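S.K.: Sharing a structure with you now.
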Amino acid sequence: MRRLVVSLLSIAVGLGAVAVWLGTGPETAAQEAETEGAGCIACHEKLNPGLVQQWRDSKHAKAEPKRVECQTCHGDDHTGADDAEKARTPTPKTCKKCHFKQVRQFNKGKHALAEATAHAIPMTANQPDSVQKAACLGCHSIGKKWEDGSVGKCDSCHTRHLFSAEEARQPEACETCHMGEDHSQYEMWRSSKHGVIHATDGGSGRAPVCQTCHMQEGDHEVMTGWGFLALRLPVPDEQWTADTMTIVRAIGPWGQDEAGMEERIGAIKALKLARLDQESFDETRAKMIKVCATCHSESFGREHLENADEVIRETTHVMAEAVRVIEKLYEDGILPLTADGPKHPDLLLFYDSPTEIEQELYRMFLFHRQKAFQGAIHANPDYMHWYGWGPMKSSFQRIKEMAVEYRKRYGKK
Ligand code: HEC
Ligand code: HEC
Ligand code: HEC
Ligand code: HEC
Ligand code: HEC
Ligand code: HEC
Ligand code: HEC
Ligand code: HEC
């Protein structure tokens, strides 16, 4: 077999030499070989030269013994300008044929739930379609559900048509999504000691990037112990448990009546909005400490993370106290202000919250609490304190004062 390839190669080289000798040049010969069959490249090279160049630079175009061609991913039903709709849109099912491992890992992780969680929140449906498309789905499409049943957008991290592993290894591959008010992990990491060393050392690997900790050994299954909202059960003591339940109540009332409530709890579990078992937490924690231990002592890593757990306990308590202040306004009939208002504070209404005091609660929850514990985890003292814990305490103060004001203004005689 090998010998056959070699002799075919020498014939090809020979033919190339003949072509040069005849004056057609090897470039034309190579291009002819490419346009063989479907003719995708010859036409698209004129239409979208940048796109075709990226494919040419990709490992796919250089793969041996067989290149991954345009038609491998898009099929060959479309052949010209009049039938573009026949071009197949590749999904993870297409990639899976050759990258089984990555697709399977991806499916087990949190990214695969991203589109479903964005749709699970009723406030999403209240936003205009154009806003959903430009905002939520711009990021949550990483977990896009396709008609063929497969899930994910692999080009979220290794963009088309280069499909480069090296690009996906850069922390900037995560930046478009993991930034901003409620999940500023990129900014936190970037200005932490880890990010600064990464920058000053020109990415030498002396300091960890997102992928070092979250995609160990290229594992595409991303999932943390605490999760986005740092709500999980069981936690070590009664007060912490009660505080967690108070917050879960405030993200759970979307359904309102009992059936609806049950449906919500089901969604919280299925989409892993709150984490409800100890084993998976212990497992992810152990894996994480092992990463720290490649550069720090094991106890250094463990103590840092345990302190961050304590920060979660403290922020959960302050947050729960604030929720209770507003729950009391509902219990005493001060809220809702209108007959069709909610019957309980609903943290997942976000900026559609009906009153200013609940708007303050939403900011405290989604902006300040998030920064406080995420900053503590990602070793960024300033995010933890001045963007997180400090504003959280200020918010709580305002909520308490507003509650007194609301009682005066809206209380029944
Ligand atoms: C004769 C020219 C021509 C050939 C040959 C051709 N295409 Fe196209 N292709 C087009 C045009 C024109 C469009 C529409 C571009 C637009 O919408 O701006 C298109 C669109 C596409 C799209 C986007 C489809 C969509 O729904 O947006 C893909 C993918 C595609 N082509 C892949 C291929 C592949 C793979 C082949 C080879 C099997 C191929 N093309 C052959 C001209 C061609
Ligand atoms: C490894 C698979 C793969 C190969 C090989 C591939 N594509 Fe694509 N292509 C994709 C993916 C993935 C998308 C994005 C689909 C989506 O999510 O809508 C895409 C989108 C496109 C689009 C429409 C969107 C855009 O960015 O303009 C065109 C046109 C296209 N491909 C043409 C080509 C051509 C021409 C070739 C060969 C030079 C090629 N593709 C090779 C995977 C591939
Ligand atoms: C027909 C098989 C095939 C299909 C389908 C395919 N690939 Fe590949 N892919 C390959 C081969 C072969 C390589 C090169 C491996 C090498 O050089 O080590 C590769 C390499 C890659 C790499 C690593 C590139 C690097 O820089 O090292 C990524 C990322 C990748 N593919 C993503 C995708 C995605 C995403 C899809 C689906 C849209 C896809 N591939 C579809 C065969 C395929
Ligand atoms: C800039 C990108 C971006 C935009 C825009 C965005 N999200 Fe997210 N969203 C994320 C990221 C990243 C996470 C996970 C962050 C984390 O775990 O810290 C997330 C988490 C969530 C979660 C929590 C998932 C969980 O497991 O707890 C929900 C629900 C959610 N987003 C809904 C929405 C909705 C609804 C919109 C639009 C109104 C939206 N998002 C807009 C990037 C975005
Ligand atoms: C969250 C970002 C992200 C997403 C989404 C993602 N990848 Fe990757 N991918 C990476 C990173 C990071 C690497 C490099 C891993 C390493 O070598 O450490 C990688 C590497 C790869 C490789 C090369 C593996 C190797 O050993 O050379 C393939 C193939 C691949 N990814 C396929 C896929 C497929 C298929 C999908 C969609 C199901 C996908 N990736 C989605 C981040 C991502
Ligand atoms: C296209 C946007 C996008 C990109 C790029 C992206 N993510 Fe995500 N990521 C999300 C969204 C959205 C979620 C929340 C998923 C959900 O709603 O369940 C998420 C969740 C996560 C989680 C899980 C948090 C939890 O709940 O436990 C981790 C860890 C994570 N991403 C790490 C990364 C890393 C590391 C990279 C870069 C290699 C990356 N992400 C790239 C959008 C993105
Ligand atoms: C030194 C390791 C390390 C680095 C580097 C790192 N993280 Fe994390 N990250 C963690 C740990 C530890 C947790 C909390 C794990 C747990 O829940 O027990 C976490 C949590 C998260 C979460 C869940 C929500 C949260 O913030 O608590 C997301 C999303 C995330 N990281 C994304 C990123 C992104 C994106 C980057 C790069 C910009 C990054 N991380 C860099 C270690 C790291
Ligand atoms: C690839 C190596 C590497 C990994 C992995 C790593 N770090 Fe670091 N980290 C460093 C370096 C280098 C410094 C700078 C040490 C100094 O300040 O002299 C640092 C600094 C720190 C600092 C701040 C400086 C200090 O001494 O207090 C904290 C906190 C920290 N790391 C925590 C962690 C945690 C927690 C993990 C695991 C989740 C981790 N690191 C993983 C390399 C690493």
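Ordering of the structure tokens sets the chain letters (A, B, ...); residue numbers start at 1 within each chain; ligands are numbered from 1 in the order shown.
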Per residue of chain A within 8 Å of ligand 6, which atom pair is closest and at what distance in Å (one decimal), using only C-alpha atoms and all ligand atoms, listed by chain and increasing number, as a tab-separated table?

M.R.:
residue	atom	partner	partner_atom_place_in_ligand_line	distance
A:Gly109	CA	ligand 6	23 (C)	7.7
A:Lys110	CA	ligand 6	18 (O)	4.9
A:His111	CA	ligand 6	15 (C)	4.8
A:Ala112	CA	ligand 6	18 (O)	7.1
A:Leu113	CA	ligand 6	18 (O)	4.5
A:Ala114	CA	ligand 6	17 (O)	3.5
A:Glu115	CA	ligand 6	17 (O)	6.5
A:Ala116	CA	ligand 6	17 (O)	7.1
A:Thr117	CA	ligand 6	17 (O)	4.7
A:Ala118	CA	ligand 6	17 (O)	6.2
A:Gly138	CA	ligand 6	1 (C)	6.7
A:Cys139	CA	ligand 6	2 (C)	4.0
A:His140	CA	ligand 6	12 (C)	4.1
A:Ser141	CA	ligand 6	1 (C)	6.3
A:Ile142	CA	ligand 6	1 (C)	4.8
A:Gly143	CA	ligand 6	15 (C)	7.4
A:Ser156	CA	ligand 6	1 (C)	4.9
A:Cys157	CA	ligand 6	5 (C)	5.2
A:Ala168	CA	ligand 6	38 (C)	6.1
A:Arg169	CA	ligand 6	38 (C)	6.5
A:Gln170	CA	ligand 6	38 (C)	7.3
A:Pro171	CA	ligand 6	37 (C)	6.1
A:Glu172	CA	ligand 6	37 (C)	7.4
A:Ala173	CA	ligand 6	37 (C)	5.2
A:Cys174	CA	ligand 6	37 (C)	3.5
A:Glu175	CA	ligand 6	5 (C)	6.6
A:Thr176	CA	ligand 6	5 (C)	6.0
A:Cys177	CA	ligand 6	2 (C)	4.3
A:His178	CA	ligand 6	7 (N)	6.1
A:Cys210	CA	ligand 6	35 (C)	4.6
A:Gln211	CA	ligand 6	35 (C)	4.9
A:Cys213	CA	ligand 6	35 (C)	7.7
A:His214	CA	ligand 6	35 (C)	5.2
A:Met215	CA	ligand 6	35 (C)	6.4
A:Val222	CA	ligand 6	29 (C)	4.9
A:Met223	CA	ligand 6	27 (O)	4.0
A:Thr224	CA	ligand 6	27 (O)	3.6
A:Gly225	CA	ligand 6	27 (O)	6.2
A:Trp226	CA	ligand 6	27 (O)	6.3
A:Gly227	CA	ligand 6	26 (O)	3.6
A:Phe228	CA	ligand 6	26 (O)	4.5
A:Leu229	CA	ligand 6	26 (O)	7.7
A:Leu271	CA	ligand 6	18 (O)	6.4
A:Lys272	CA	ligand 6	18 (O)	7.2
A:Leu273	CA	ligand 6	26 (O)	7.1

S.K.: Could you give me, as CSV, every chain A residue with an atom at most 10 Å from ligand 8, plus its closest atom pair and distance in Å to one decimal, counting only C-alpha atoms and all ligand atoms, rows ordered by chain then number?

M.R.:
residue,atom,partner,partner_atom_place_in_ligand_line,distance
A:Ser192,CA,ligand 8,23 (C),7.5
A:Lys193,CA,ligand 8,20 (C),5.5
A:His194,CA,ligand 8,9 (N),5.5
A:Gly195,CA,ligand 8,19 (C),9.3
A:Val196,CA,ligand 8,14 (C),9.2
A:Ile197,CA,ligand 8,12 (C),7.0
A:His198,CA,ligand 8,12 (C),9.0
A:Ser204,CA,ligand 8,1 (C),9.3
A:Gly205,CA,ligand 8,1 (C),5.8
A:Arg206,CA,ligand 8,1 (C),4.8
A:Ala207,CA,ligand 8,1 (C),4.1
A:Pro208,CA,ligand 8,1 (C),4.3
A:Val209,CA,ligand 8,1 (C),8.0
A:Thr212,CA,ligand 8,5 (C),6.7
A:Cys213,CA,ligand 8,38 (C),6.5
A:His214,CA,ligand 8,38 (C),9.4
A:Arg285,CA,ligand 8,38 (C),9.0
A:Lys287,CA,ligand 8,38 (C),9.2
A:Met288,CA,ligand 8,38 (C),5.5
A:Ile289,CA,ligand 8,37 (C),5.7
A:Lys290,CA,ligand 8,37 (C),7.6
A:Val291,CA,ligand 8,5 (C),5.0
A:Cys292,CA,ligand 8,37 (C),3.3
A:Ala293,CA,ligand 8,5 (C),6.7
A:Thr294,CA,ligand 8,5 (C),5.5
A:Cys295,CA,ligand 8,2 (C),4.3
A:His296,CA,ligand 8,7 (N),6.2
A:Ser297,CA,ligand 8,39 (C),9.4
A:Glu298,CA,ligand 8,37 (C),9.0
A:Ser299,CA,ligand 8,35 (C),9.6
A:Phe300,CA,ligand 8,35 (C),7.1
A:Gly301,CA,ligand 8,35 (C),4.2
A:Arg302,CA,ligand 8,35 (C),6.8
A:Glu303,CA,ligand 8,35 (C),7.8
A:His304,CA,ligand 8,35 (C),5.2
A:Leu305,CA,ligand 8,35 (C),5.8
A:Glu306,CA,ligand 8,35 (C),9.3
A:Asn307,CA,ligand 8,35 (C),9.9
A:Ala308,CA,ligand 8,35 (C),9.3
A:Ala376,CA,ligand 8,29 (C),8.7
A:Ile377,CA,ligand 8,35 (C),7.3
A:His378,CA,ligand 8,35 (C),7.5
A:Ala379,CA,ligand 8,29 (C),4.8
A:Asn380,CA,ligand 8,29 (C),8.0
A:Pro381,CA,ligand 8,29 (C),9.1

S.K.: Considering only C-alpha atoms and all ligand atoms, tabulate each residue of chain A that lies at most 10 Å from ligand 3 along with its nearest interatomic pair and the corresponding distance in Å to one decimal; arrange the rows by chain and ascending residue number and present them as CSV.

M.R.:
residue,atom,partner,partner_atom_place_in_ligand_line,distance
A:Asp57,CA,ligand 3,26 (O),9.8
A:Ser58,CA,ligand 3,24 (C),7.0
A:Lys59,CA,ligand 3,14 (C),5.0
A:His60,CA,ligand 3,13 (C),5.1
A:Ala61,CA,ligand 3,14 (C),8.5
A:Lys62,CA,ligand 3,17 (O),7.3
A:Ala63,CA,ligand 3,12 (C),5.0
A:Glu64,CA,ligand 3,12 (C),6.9
A:Pro65,CA,ligand 3,12 (C),8.4
A:Lys66,CA,ligand 3,12 (C),7.4
A:Arg67,CA,ligand 3,12 (C),6.9
A:Val68,CA,ligand 3,1 (C),5.4
A:Glu69,CA,ligand 3,1 (C),8.1
A:Cys70,CA,ligand 3,5 (C),9.9
A:Gln71,CA,ligand 3,5 (C),9.7
A:Thr72,CA,ligand 3,5 (C),6.1
A:Cys73,CA,ligand 3,5 (C),5.9
A:His74,CA,ligand 3,38 (C),9.4
A:Thr89,CA,ligand 3,38 (C),9.0
A:Pro90,CA,ligand 3,38 (C),5.7
A:Thr91,CA,ligand 3,38 (C),6.2
A:Pro92,CA,ligand 3,37 (C),5.8
A:Lys93,CA,ligand 3,37 (C),7.7
A:Thr94,CA,ligand 3,5 (C),5.3
A:Cys95,CA,ligand 3,37 (C),3.5
A:Lys96,CA,ligand 3,5 (C),6.8
A:Lys97,CA,ligand 3,5 (C),5.6
A:Cys98,CA,ligand 3,2 (C),4.4
A:His99,CA,ligand 3,7 (N),6.4
A:Phe100,CA,ligand 3,6 (C),9.8
A:Gln102,CA,ligand 3,32 (C),9.0
A:Val103,CA,ligand 3,35 (C),9.0
A:Gly152,CA,ligand 3,35 (C),9.8
A:Lys153,CA,ligand 3,35 (C),7.8
A:Cys154,CA,ligand 3,35 (C),4.7
A:Asp155,CA,ligand 3,35 (C),5.9
A:Ser156,CA,ligand 3,35 (C),9.1
A:Cys157,CA,ligand 3,29 (C),8.6
A:His158,CA,ligand 3,29 (C),5.8
A:Thr159,CA,ligand 3,35 (C),8.1
A:Arg160,CA,ligand 3,35 (C),7.9
A:His161,CA,ligand 3,38 (C),8.8
A:Leu162,CA,ligand 3,26 (O),7.8
A:Phe163,CA,ligand 3,29 (C),4.6
A:Ser164,CA,ligand 3,26 (O),3.5
A:Ala165,CA,ligand 3,26 (O),3.8
A:Glu166,CA,ligand 3,26 (O),5.5
A:Glu167,CA,ligand 3,26 (O),7.6
A:Ala168,CA,ligand 3,29 (C),7.8
A:Arg169,CA,ligand 3,26 (O),9.7

S.K.: Hey, which bits of chain A sit within 6 Å of ligand 1, and for each residue what's the closest pair of atoms and how far apart in Å (one decimal), counting only C-alpha atoms and all ligand atoms, rows by chain and increasing number, as a tab-separated table?

M.R.:
residue	atom	partner	partner_atom_place_in_ligand_line	distance
A:Ala38	CA	ligand 1	38 (C)	4.5
A:Gly39	CA	ligand 1	5 (C)	4.7
A:Cys40	CA	ligand 1	37 (C)	3.4
A:Cys43	CA	ligand 1	2 (C)	4.3
A:His44	CA	ligand 1	43 (C)	5.9
A:Cys70	CA	ligand 1	35 (C)	4.4
A:Gln71	CA	ligand 1	35 (C)	4.3
A:His74	CA	ligand 1	35 (C)	4.7
A:Gly75	CA	ligand 1	35 (C)	5.9
A:Asp76	CA	ligand 1	38 (C)	3.9
A:His78	CA	ligand 1	38 (C)	5.7
A:Thr79	CA	ligand 1	41 (C)	4.4
A:Gly80	CA	ligand 1	3 (C)	3.8
A:Ala81	CA	ligand 1	12 (C)	3.7
A:Ala84	CA	ligand 1	20 (C)	4.5
A:Glu85	CA	ligand 1	26 (O)	4.8
A:Ala87	CA	ligand 1	29 (C)	5.1

S.K.: Using only C-alpha atoms, pick whichever of A:Ile265, A:Ile357, A:Gln132, A:Lys108 has the shortest atom-to-atom distance to A:Val404.

M.R.: A:Ile357

S.K.: When you draw a straight line from atom 11 (C, counted along the ligand's line) of ligand 5 to atom CA of A:Val151, how long is it in Å?

M.R.: 17.3 Å

S.K.: One decimal, Å: what's the distance from atom CA of A:Asn126 over to atom 37 (C, counted along the ligand's line) of ligand 4, could you say?

M.R.: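 Those two atoms sit 10.2 Å apart.
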
S.K.: How far is it from atom CA of A:His344 to atom CA of A:Ala250, in Å with one decimal?

M.R.: 7.2 Å
